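A.B. asks: Compact mmCIF, C-alpha atoms, saved as upload36.txt, coming up:
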# COMPACT_ATOMS: atom_id res chain seq x y z
CA MET A 1 0.00 0.00 0.00
CA PRO A 2 1.59 3.32 -1.04
CA MET A 3 2.31 5.71 1.79
CA TYR A 4 0.92 9.28 1.72
CA GLN A 5 3.84 11.58 2.58
CA PRO A 6 3.36 15.16 1.35
CA ASN A 7 6.50 17.24 1.25
CA ILE A 8 6.02 19.77 4.00
CA LEU A 9 8.66 22.01 2.45
CA ARG A 10 6.39 22.87 -0.47
CA ASN A 11 3.55 25.37 -0.69
CA VAL A 12 4.20 26.82 2.76
CA ARG A 13 4.63 30.59 2.70
CA LEU A 14 5.05 32.92 5.63
CA ASP A 15 6.53 36.18 6.79
CA VAL A 16 9.81 35.56 8.62
CA GLY A 17 11.46 38.93 8.40
CA ALA A 18 10.92 42.30 10.05
CA GLY A 19 10.61 43.83 6.60
CA GLY A 20 7.60 41.72 5.71
CA GLN A 21 9.40 39.38 3.22
CA VAL A 22 7.32 36.32 2.34
CA LEU A 23 9.29 33.08 2.02
CA ASP A 24 8.60 29.39 1.64
CA LEU A 25 10.46 26.80 3.70
CA GLU A 26 12.75 25.70 0.88
CA THR A 27 13.86 29.27 0.23
CA ALA A 28 14.35 29.87 3.93
CA ILE A 29 16.69 26.89 4.17
CA LYS A 30 18.56 27.68 0.96
CA ASP A 31 19.15 31.32 1.92
CA GLY A 32 20.34 30.43 5.40
CA ILE A 33 17.58 32.21 7.24
CA LEU A 34 17.17 29.28 9.60
CA GLY A 35 20.71 29.54 10.89
CA GLY A 36 23.12 26.71 11.60
CA GLY A 37 22.26 24.87 14.78
CA GLY A 38 19.00 26.44 15.88
CA GLY A 39 20.71 29.46 17.40
CA LEU A 40 19.55 33.05 17.06
CA VAL A 41 20.18 34.68 13.68
CA CYS A 42 19.96 38.32 14.80
CA ALA A 43 23.21 40.18 14.37
CA GLY A 44 25.13 41.01 17.50
CA VAL A 45 23.20 38.51 19.64
CA THR A 46 24.85 35.19 20.44
CA GLU A 47 22.90 33.91 23.45
CA LYS A 48 20.40 31.13 23.02
CA LEU A 49 16.85 32.35 23.58
CA ASP A 50 14.28 30.11 25.21
CA LEU A 51 11.53 29.25 22.74
CA LYS A 52 8.92 28.65 25.45
CA LYS A 53 9.60 32.08 26.97
CA MET A 54 9.41 33.76 23.57
CA ILE A 55 6.08 32.09 22.78
CA GLU A 56 4.65 33.20 26.15
CA GLU A 57 5.79 36.83 25.72
CA LEU A 58 4.54 36.96 22.13
CA GLU A 59 1.17 35.46 23.09
CA SER A 60 -0.86 38.20 21.38
CA ILE A 61 0.97 38.06 18.06
CA GLU A 62 -0.57 36.32 15.03
CA VAL A 63 1.39 33.12 14.38
CA PRO A 64 1.58 31.42 10.95
CA SER A 65 -0.81 28.48 10.82
CA VAL A 66 1.98 26.08 9.83
CA PHE A 67 3.49 26.60 13.30
CA ILE A 68 0.28 25.66 15.11
CA CYS A 69 -0.37 22.20 16.50
CA PRO A 70 -3.78 20.99 15.18
CA ILE A 71 -4.50 19.36 18.54
CA SER A 72 -3.77 22.14 21.05
CA LEU A 73 -3.94 25.09 18.60
CA ASP A 74 -0.79 26.42 20.27
CA PRO A 75 2.59 27.07 18.60
CA MET A 76 4.73 23.93 18.44
CA GLN A 77 8.04 23.70 20.27
CA ASP A 78 8.95 20.10 19.42
CA PRO A 79 7.13 19.27 16.15
CA VAL A 80 6.99 15.67 14.98
CA THR A 81 5.55 14.26 11.76
CA LEU A 82 3.42 11.11 11.36
CA CYS A 83 3.43 8.70 8.43
CA THR A 84 0.43 10.61 7.02
CA GLY A 85 2.57 13.72 6.63
CA GLN A 86 0.74 15.65 9.36
CA THR A 87 2.79 17.43 12.01
CA TYR A 88 1.95 17.82 15.71
CA GLU A 89 3.53 18.89 18.97
CA ARG A 90 5.26 15.78 20.34
CA SER A 91 3.56 15.80 23.78
CA ASN A 92 0.12 16.25 22.23
CA ILE A 93 0.34 13.40 19.73
CA LEU A 94 1.85 11.04 22.33
CA LYS A 95 -1.06 11.82 24.62
CA TRP A 96 -3.42 11.05 21.72
CA PHE A 97 -1.77 7.66 21.30
CA SER A 98 -1.89 7.00 25.07
CA LEU A 99 -5.68 7.31 24.92
CA GLY A 100 -5.78 4.30 22.62
CA HIS A 101 -6.11 6.09 19.27
CA CYS A 102 -4.38 4.61 16.23
CA THR A 103 -5.41 7.32 13.79
CA CYS A 104 -4.13 10.68 12.58
CA PRO A 105 -6.15 13.34 14.49
CA THR A 106 -6.44 15.63 11.46
CA THR A 107 -7.22 13.19 8.65
CA MET A 108 -8.57 10.34 10.82
CA GLN A 109 -6.58 7.91 8.64
CA GLU A 110 -5.52 4.68 10.32
CA LEU A 111 -1.78 4.74 10.92
CA TRP A 112 0.27 1.99 9.28
CA ASP A 113 3.28 3.16 11.27
CA ASP A 114 3.10 4.82 14.69
CA THR A 115 6.62 6.24 14.48
CA VAL A 116 6.91 9.98 15.12
CA THR A 117 9.72 11.70 13.23
CA PRO A 118 11.22 14.94 14.62
CA ASN A 119 10.63 17.75 12.15
CA ARG A 120 13.90 19.63 12.61
CA THR A 121 13.36 21.87 9.62
CA LEU A 122 10.07 23.19 10.93
CA GLN A 123 11.43 23.43 14.47
CA GLN A 124 14.32 25.60 13.30
CA LEU A 125 12.00 27.82 11.30
CA ILE A 126 9.66 28.23 14.29
CA TYR A 127 12.64 29.15 16.46
CA SER A 128 14.00 31.59 13.90
CA TRP A 129 10.62 33.26 13.34
CA PHE A 130 9.91 33.71 17.05
CA SER A 131 13.49 34.90 17.68
CA GLN A 132 13.20 37.64 15.10
CA LYS A 133 9.78 38.74 16.36
CA TYR A 134 11.01 38.65 19.95
CA MET A 135 14.11 40.74 19.26
CA ALA A 136 12.06 43.23 17.26
CA MET A 137 9.65 43.52 20.20
CA LYS A 138 12.54 44.02 22.64
CA LYS A 139 14.04 46.70 20.43
CA ARG A 140 10.72 48.53 20.18
CA SER A 141 10.38 48.29 23.95
CA GLU A 142 13.86 49.74 24.47
CA ASP A 143 13.06 52.51 21.99
CA VAL A 144 9.82 53.30 23.86
CA LEU A 145 11.54 53.39 27.26
CA GLY A 146 14.29 55.59 25.86
CA ARG A 147 11.71 57.91 24.32
CA ALA A 148 9.79 58.15 27.59
CA THR A 149 13.01 59.15 29.39
CA GLU A 150 13.79 61.75 26.72
CA LEU A 151 10.32 63.25 27.01
CA LEU A 152 10.60 63.52 30.80
CA ASP A 153 13.93 65.33 30.40
CA SER A 154 12.41 67.67 27.79
CA LEU A 155 9.45 68.39 30.03
CA LYS A 156 11.78 69.99 32.57
CA LYS A 157 12.92 72.55 30.01
CA VAL A 158 10.18 73.33 27.49
CA LYS A 159 7.35 75.83 27.88
CA GLY A 160 4.31 77.06 26.00
CA GLN A 161 3.10 75.02 23.04
CA ALA A 162 6.23 72.88 23.13
CA ARG A 163 5.24 71.75 26.63
CA VAL A 164 1.77 70.80 25.38
CA GLN A 165 3.25 68.76 22.53
CA THR A 166 5.73 67.03 24.84
CA LEU A 167 2.95 66.12 27.26
CA LYS A 168 0.79 64.89 24.41
CA GLU A 169 3.53 62.60 23.12
CA LEU A 170 4.34 61.36 26.63
CA ARG A 171 0.67 60.61 27.18
CA ASN A 172 0.48 58.60 23.96
CA VAL A 173 3.55 56.59 24.96
CA VAL A 174 2.23 55.91 28.47
CA VAL A 175 -1.22 54.86 27.26
CA ALA A 176 0.16 52.54 24.56
CA HIS A 177 3.00 50.84 26.48
CA SER A 178 2.77 49.38 29.97
CA MET A 179 6.57 49.35 30.34
CA ALA A 180 6.64 53.09 29.69
CA LYS A 181 4.34 53.63 32.68
CA LYS A 182 6.88 51.97 34.97
CA THR A 183 9.70 54.06 33.51
CA VAL A 184 7.76 57.28 34.04
CA MET A 185 6.96 56.36 37.64
CA ASP A 186 10.50 55.17 38.41
CA LYS A 187 12.05 58.35 37.05
CA GLY A 188 9.90 60.76 39.06
CA GLY A 189 7.42 61.42 36.28
CA VAL A 190 4.40 61.60 38.60
CA ALA A 191 5.92 64.43 40.65
CA LEU A 192 7.11 66.22 37.51
CA VAL A 193 3.73 66.07 35.77
CA SER A 194 1.89 66.96 39.01
CA SER A 195 4.05 70.06 39.41
CA LEU A 196 2.58 71.41 36.17
CA LEU A 197 -0.90 71.63 37.72
CA GLY A 198 -1.69 74.86 39.50
CA PRO A 199 -3.68 78.11 39.43
CA PHE A 200 -1.89 79.40 36.32
CA THR A 201 -1.93 76.20 34.30
CA THR A 202 -3.58 76.44 30.90
CA HIS A 203 -6.31 73.96 30.12
CA ALA A 204 -4.26 72.60 27.21
CA VAL A 205 -1.43 71.65 29.57
CA GLY A 206 -3.83 70.49 32.27
CA ALA A 207 -5.76 68.17 29.95
CA GLU A 208 -2.62 66.33 28.85
CA ALA A 209 -1.14 66.21 32.36
CA ILE A 210 -4.33 64.75 33.83
CA GLY A 211 -4.52 62.27 30.94
CA ILE A 212 -1.05 61.03 31.93
CA LEU A 213 -1.77 60.88 35.67
CA VAL A 214 -4.92 58.76 35.32
CA SER A 215 -2.86 56.18 33.40
CA LEU A 216 -0.34 55.79 36.24
CA GLU A 217 -0.42 54.26 39.71
CA LEU A 218 -0.31 57.03 42.31
CA ASP A 219 1.24 56.39 45.72
CA LEU A 220 0.00 58.08 48.91
CA PRO A 221 2.46 61.05 48.82
CA SER A 222 1.52 61.71 45.18
CA LYS A 223 -2.18 61.67 46.04
CA ALA A 224 -1.61 64.01 48.99
CA ASN A 225 0.30 66.39 46.71
CA LEU A 226 -2.49 66.37 44.11
CA ARG A 227 -5.13 67.08 46.77
CA GLN A 228 -3.72 70.58 47.31
CA PRO A 229 -6.55 73.14 46.91
CA ALA A 230 -4.94 74.87 43.91
CA LYS A 231 -4.56 71.61 42.02
CA ILE A 232 -8.04 70.36 42.88
CA SER A 233 -9.50 73.71 41.85
CA LEU A 234 -7.90 73.39 38.41
CA VAL A 235 -9.19 69.82 38.01
CA VAL A 236 -12.72 70.89 38.96
CA ASP A 237 -12.58 73.85 36.54
CA MET A 238 -11.58 71.48 33.75
CA LEU A 239 -14.37 69.09 34.72
CA ASN A 240 -16.79 71.94 34.07
CA GLU A 241 -15.20 73.35 30.92
CA GLY A 242 -13.06 70.68 29.21
CA SER A 243 -13.78 68.26 26.40
CA ILE A 244 -15.72 65.09 27.21
CA GLU A 245 -12.46 63.11 27.36
CA THR A 246 -10.97 65.65 29.76
CA LYS A 247 -14.12 65.62 31.91
CA ILE A 248 -14.00 61.84 32.21
CA ASN A 249 -10.30 61.94 33.07
CA CYS A 250 -10.97 64.58 35.73
CA THR A 251 -13.59 62.37 37.39
CA LYS A 252 -11.18 59.42 37.26
CA LEU A 253 -8.39 61.46 38.84
CA ILE A 254 -10.60 62.74 41.67
CA GLU A 255 -11.85 59.17 42.24
CA MET A 256 -8.22 58.02 42.46
CA LEU A 257 -7.37 60.77 44.93
CA ILE A 258 -10.19 60.01 47.33
CA GLY A 259 -9.84 56.24 47.01
CA GLY A 260 -13.51 55.44 47.52
CA LYS A 261 -13.63 57.54 50.69
CA CYS A 262 -15.26 60.92 51.10
CA VAL A 263 -12.73 63.76 51.07
CA LYS A 264 -13.99 67.32 51.45
CA PHE A 265 -13.03 69.80 48.75
CA GLU A 266 -13.34 73.57 49.01
CA SER A 267 -14.89 73.65 45.53
CA SER A 268 -17.54 70.97 46.23
CA LEU A 269 -20.42 73.01 44.76
CA SER A 270 -18.54 73.51 41.51
CA LEU A 271 -17.62 69.82 41.52
CA LEU A 272 -21.27 68.81 42.00
CA ALA A 273 -22.39 71.15 39.23
CA GLY A 274 -19.81 69.70 36.84
CA LEU A 275 -20.79 66.12 37.67
CA LEU A 276 -24.49 66.84 37.13
CA ARG A 277 -23.74 68.34 33.72
CA LEU A 278 -21.69 65.26 32.88
CA VAL A 279 -24.35 62.71 33.87
CA LYS A 280 -27.07 64.61 32.00
CA ASP A 281 -25.14 64.39 28.72
CA LYS A 282 -26.63 61.16 27.34
CA ARG A 283 -24.49 61.36 24.20
CA HIS A 284 -21.54 60.00 26.17
CA PRO A 285 -22.40 56.84 28.22
CA ASN A 286 -18.84 56.61 29.55
CA GLY A 287 -19.19 60.12 30.93
CA VAL A 288 -22.52 59.26 32.56
CA LEU A 289 -20.96 56.23 34.27
CA ALA A 290 -17.88 58.13 35.44
CA GLY A 291 -19.98 61.03 36.74
CA LEU A 292 -22.43 58.82 38.62
CA GLY A 293 -19.57 56.83 40.13
CA LEU A 294 -17.88 59.90 41.58
CA LEU A 295 -21.18 61.47 42.64
CA ASN A 296 -22.01 58.27 44.49
CA THR A 297 -18.69 58.41 46.35
CA ILE A 298 -18.74 62.05 47.40
CA CYS A 299 -22.36 61.86 48.58
CA LEU A 300 -21.14 59.68 51.45
CA ASP A 301 -20.52 62.97 53.24
CA GLU A 302 -23.67 64.55 54.72
CA SER A 303 -22.58 68.11 53.92
CA VAL A 304 -22.15 67.09 50.27
CA ARG A 305 -25.61 65.50 50.31
CA ASN A 306 -27.08 68.79 51.52
CA SER A 307 -25.19 70.68 48.82
CA ALA A 308 -26.34 68.24 46.14
CA VAL A 309 -29.99 68.71 47.13
CA SER A 310 -29.57 72.51 47.35
CA ILE A 311 -28.33 72.78 43.75
CA GLY A 312 -31.22 70.64 42.47
CA ALA A 313 -29.55 67.26 41.93
CA VAL A 314 -32.65 65.18 42.71
CA ARG A 315 -34.86 66.05 39.74
CA PRO A 316 -32.30 65.42 36.96
CA LEU A 317 -31.27 62.13 38.58
CA VAL A 318 -34.91 60.99 38.74
CA GLU A 319 -35.47 61.97 35.11
CA LEU A 320 -32.37 60.00 34.07
CA LEU A 321 -33.53 56.70 35.56
CA PRO A 322 -35.59 55.22 32.66
CA GLY A 323 -32.76 55.52 30.12
CA LEU A 324 -29.87 54.13 32.17
CA ASN A 325 -28.15 50.76 31.73
CA ASN A 326 -28.05 48.42 34.73
CA GLU A 327 -24.69 49.60 36.05
CA CYS A 328 -25.59 53.28 35.87
CA LEU A 329 -29.11 52.62 37.17
CA GLU A 330 -27.83 51.02 40.35
CA LEU A 331 -25.49 53.96 40.96
CA ALA A 332 -28.25 56.52 40.37
CA LEU A 333 -30.69 54.70 42.67
CA HIS A 334 -28.02 54.47 45.35
CA ILE A 335 -27.38 58.22 45.13
CA LEU A 336 -31.11 58.96 45.42
CA GLU A 337 -31.40 56.52 48.32
CA VAL A 338 -28.53 58.29 50.11
CA LEU A 339 -30.12 61.69 49.45
CA SER A 340 -33.41 60.37 50.89
CA THR A 341 -31.72 59.96 54.28
CA ILE A 342 -31.75 63.73 54.90
CA PRO A 343 -34.99 65.74 55.33
CA GLU A 344 -34.23 68.05 52.41
CA GLY A 345 -33.63 65.06 50.15
CA LYS A 346 -36.93 63.41 51.10
CA LEU A 347 -38.80 66.62 50.41
CA ALA A 348 -37.09 67.07 47.03
CA LEU A 349 -37.98 63.49 46.07
CA LYS A 350 -41.61 64.01 47.11
CA ASP A 351 -41.86 67.25 45.16
CA CYS A 352 -40.53 65.67 41.97
CA ALA A 353 -43.57 64.47 40.01
CA ASN A 354 -41.77 61.52 38.40
CA THR A 355 -40.10 60.07 41.50
CA ILE A 356 -42.80 57.51 42.29
CA PRO A 357 -43.67 56.37 38.73
CA ASN A 358 -40.01 56.18 37.66
CA VAL A 359 -38.85 54.31 40.76
CA VAL A 360 -41.79 51.87 40.85
CA LYS A 361 -40.74 50.58 37.41
CA PHE A 362 -37.59 49.06 38.83
CA LEU A 363 -39.22 46.91 41.49
CA MET A 364 -38.61 43.28 40.49
CA SER A 365 -37.56 44.30 36.97
CA LYS A 366 -33.77 44.53 37.32
CA SER A 367 -31.56 43.22 40.13
CA GLU A 368 -32.41 42.53 43.76
CA SER A 369 -30.12 45.42 44.67
CA CYS A 370 -32.16 47.79 42.48
CA THR A 371 -35.35 46.50 44.11
CA GLN A 372 -33.92 47.12 47.56
CA LEU A 373 -32.83 50.68 46.69
CA ALA A 374 -36.16 51.45 45.01
CA LEU A 375 -38.10 50.22 48.06
CA SER A 376 -35.99 52.38 50.35
CA ILE A 377 -36.64 55.49 48.23
CA LEU A 378 -40.39 54.80 47.99
CA TRP A 379 -40.65 54.19 51.73
CA ALA A 380 -38.91 57.50 52.49
CA VAL A 381 -41.24 59.42 50.15
CA CYS A 382 -44.52 57.70 51.10
CA ASN A 383 -43.73 57.82 54.81
CA LEU A 384 -43.13 61.57 54.56
CA ALA A 385 -46.57 62.31 53.10
CA PRO A 386 -48.72 59.13 53.17
CA GLU A 387 -52.01 60.70 52.08
CA GLU A 388 -50.46 62.54 49.15
CA CYS A 389 -48.06 59.88 47.96
CA ALA A 390 -50.07 56.70 48.58
CA ALA A 391 -52.58 57.54 45.88
CA LEU A 392 -49.80 58.29 43.38
CA ALA A 393 -48.05 55.04 44.28
CA VAL A 394 -51.20 52.97 43.83
CA GLU A 395 -51.90 54.59 40.45
CA ALA A 396 -48.31 53.80 39.41
CA GLY A 397 -48.91 50.10 40.09
CA LEU A 398 -46.92 49.89 43.32
CA ALA A 399 -49.27 47.45 45.07
CA ALA A 400 -48.95 44.72 42.44
CA LYS A 401 -45.16 45.12 42.42
CA LEU A 402 -45.04 44.87 46.22
CA LEU A 403 -47.05 41.65 46.14
CA LEU A 404 -44.58 40.24 43.64
CA VAL A 405 -41.72 41.06 46.04
CA ILE A 406 -43.60 39.44 48.94
CA GLN A 407 -44.19 36.24 46.95
CA SER A 408 -40.69 36.12 45.47
CA GLY A 409 -37.51 34.55 46.80
CA CYS A 410 -36.10 37.91 47.89
CA ASN A 411 -34.50 38.23 51.31
CA PRO A 412 -36.83 38.63 54.33
CA VAL A 413 -35.86 42.26 54.92
CA LEU A 414 -37.16 43.25 51.48
CA LYS A 415 -40.36 41.28 52.02
CA GLN A 416 -40.98 42.96 55.37
CA ARG A 417 -40.38 46.41 53.92
CA SER A 418 -42.82 45.57 51.11
CA VAL A 419 -45.49 44.53 53.62
CA GLU A 420 -45.04 47.77 55.54
CA LEU A 421 -45.21 49.86 52.38
CA LEU A 422 -48.30 47.99 51.19
CA LYS A 423 -50.03 48.72 54.50
CA LEU A 424 -49.04 52.37 54.23
CA CYS A 425 -50.54 52.63 50.76
CA SER A 426 -53.83 51.02 51.84
CA LEU A 427 -54.50 53.23 54.90
CA ASN A 428 -56.83 55.65 53.10
CA TYR A 429 -58.89 52.97 51.34
CA THR A 430 -61.39 50.30 52.29
CA THR A 431 -60.30 46.80 51.30
CA THR A 432 -62.73 46.65 48.38
CA ILE A 433 -61.73 50.04 46.98
CA PHE A 434 -58.02 49.32 47.48
CA ILE A 435 -58.28 46.04 45.57
CA SER A 436 -60.25 47.79 42.85
CA LYS A 437 -57.75 50.65 42.63
CA CYS A 438 -54.83 48.25 42.41
CA LYS A 439 -56.49 46.26 39.60
CA LEU A 440 -55.38 43.03 41.28
CA SER A 441 -56.37 39.69 39.83
CA ARG A 442 -58.62 37.34 41.76
CA THR A 443 -55.69 35.02 42.43
CA ILE A 444 -53.61 37.81 43.98
CA GLN A 445 -56.67 38.98 46.00
The structure in this file should be written as structure tokens.

C.D. replies:
Amino acid sequence: MPMYQPNILRNVRLDVGAGGQVLDLETAIKDGILGGGGGLVCAGVTEKLDLKKMIEELESIEVPSVFICPISLDPMQDPVTLCTGQTYERSNILKWFSLGHCTCPTTMQELWDDTVTPNRTLQQLIYSWFSQKYMAMKKRSEDVLGRATELLDSLKKVKGQARVQTLKELRNVVVAHSMAKKTVMDKGGVALVSSLLGPFTTHAVGAEAIGILVSLELDLPSKANLRQPAKISLVVDMLNEGSIETKINCTKLIEMLIGGKCVKFESSLSLLAGLLRLVKDKRHPNGVLAGLGLLNTICLDESVRNSAVSIGAVRPLVELLPGLNNECLELALHILEVLSTIPEGKLALKDCANTIPNVVKFLMSKSESCTQLALSILWAVCNLAPEECAALAVEAGLAAKLLLVIQSGCNPVLKQRSVELLKLCSLNYTTTIFISKCKLSRTIQ
């Protein structure tokens, strides 16, 4: 029986050079691209590179299909060829055989010979290809780190538009390369960039500087330095007047500085105003999320809650609710729930015509957390003015929603709050009228 043994050196074409040259295996061997004994071909480099390490570090790169093991779909390190002409990673095909298979995994042909032959030609080409890609990556990395250092040195000298351009380039480098971030931090870049923020900083410089800072890890001294009133004042000004990207970066920076804890700022009213403008701009969902996140954090402080209510934060937040995604909705409900803990917040929620109908919608329609927050808000409002609010709540379909909560698998606290709220809503009605008003089915009755 004739054996099927395709020549693997034919009809295989791939890019092996940094300049994009396409070669087939025969040409690669003839021209000496594979090297002598599997060593690295790059000029000036004599050490043997570890293929496994190179494959791991080049994980995201697109690898030629001829280098991929058909079993694991990973690049091969020790390729072996079967009698069918198909090539596999040695460990993978031996495992296939150990499971009792006597076929070629790709073609499913029965094997007339179970010998595995090392494919040295392909192994050398794999090594050579990964070596060249690895060295090119290392060179680019060194170039990036060198450029980041140069830009930091330039930043100490340049002014005006040249400073803006230097910051812009440094920002691009930091955002694109994780190693550049470490270089900037190790070489005092955080302190240098932070020093550019102050009362006389132009918004052009400030926008780029803040864009760099939010891409870095800030230690405690750096955060303390950036919390200086003059620096915070600039950030808040830019939150109110900058581009959408700058506004989002400003919220991220302030969030980083307070670390999830409430820190009082002298310009809290201006900060609140800027955040409300940001969350109301529905054209930019990322801005809405960033604004709600920071608003949620700073409202932990009671004085900030009072300020938020005083500048009219309740109404726009209530109006936003129907159009928010789940993540933003939970944040907005949490903010409203926090504002409902102060008398002024309860009153503002009661006076907003859409509070009850908008909040009732989210009972049992999203997450249990949303249901819990919505119940808390409705309880605060209805308990403040039962006669006025109970009728509105019943008309909005609250009773049926509360019965769903009571009959659901929600936690007992939610069920108890629902029972209390249902009783509150029914105080001004006889049983018959209440059931009629609620439009409850006979089964629910």

A.B. asks: From the options A:Val405, A:Cys299, A:Cys328, A:Leu94, which residue's atoms come nearest to Ser365 of chain A, counting only C-alpha atoms?

C.D. replies: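 Among A:Val405, A:Cys299, A:Cys328, A:Leu94, it is A:Val405 that comes nearest to Ser365 of chain A.
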
A.B. asks: Figure out the distance between atom CA of Gly206 of chain A and atom CA of Ser307 of chain A, please, to one decimal in Å.

C.D. replies: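 Taking atom CA of Ser307 of chain A as the start and atom CA of Gly206 of chain A as the end point, the length is 27.0 Å.
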
A.B. asks: Which is closer to Glu302 of chain A than all the others in A:Thr201, A:Ser60, A:Ser340, A:Asn286, using all atoms listed in the file?

C.D. replies: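 For Glu302 of chain A, the nearest of the given residues is A:Ser340.
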
A.B. asks: My list of candidates is A:Asn326, A:Thr84, A:Ser303, A:Ser131. Which is closest to Glu110 of chain A when distances are computed with only C-alpha atoms?

C.D. replies: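 Residue with the minimum atom-to-atom distance to Glu110 of chain A: A:Thr84.
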
A.B. asks: Counting all atoms listed in the file, figure out which residue out of A:Asn354, A:Ser215, A:Thr371, A:Thr117 gets nearest to Leu333 of chain A.

C.D. replies: A:Thr371

A.B. asks: Closest to Cys389 of chain A among A:Glu368, A:Glu420, A:Asp351, A:Glu344, using all atoms listed in the file?

C.D. replies: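 Of A:Glu368, A:Glu420, A:Asp351, A:Glu344, the one nearest Cys389 of chain A, counting all atoms listed in the file, is A:Asp351.
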
A.B. asks: At a cut-off of 8 Å, using all atoms listed in the file, what residues contact Met185 of chain A? Leave out same-chain residues fewer than 4 positions from it and give the result as a ChimeraX atom specification.

C.D. replies: /A:181,189-190,216-217
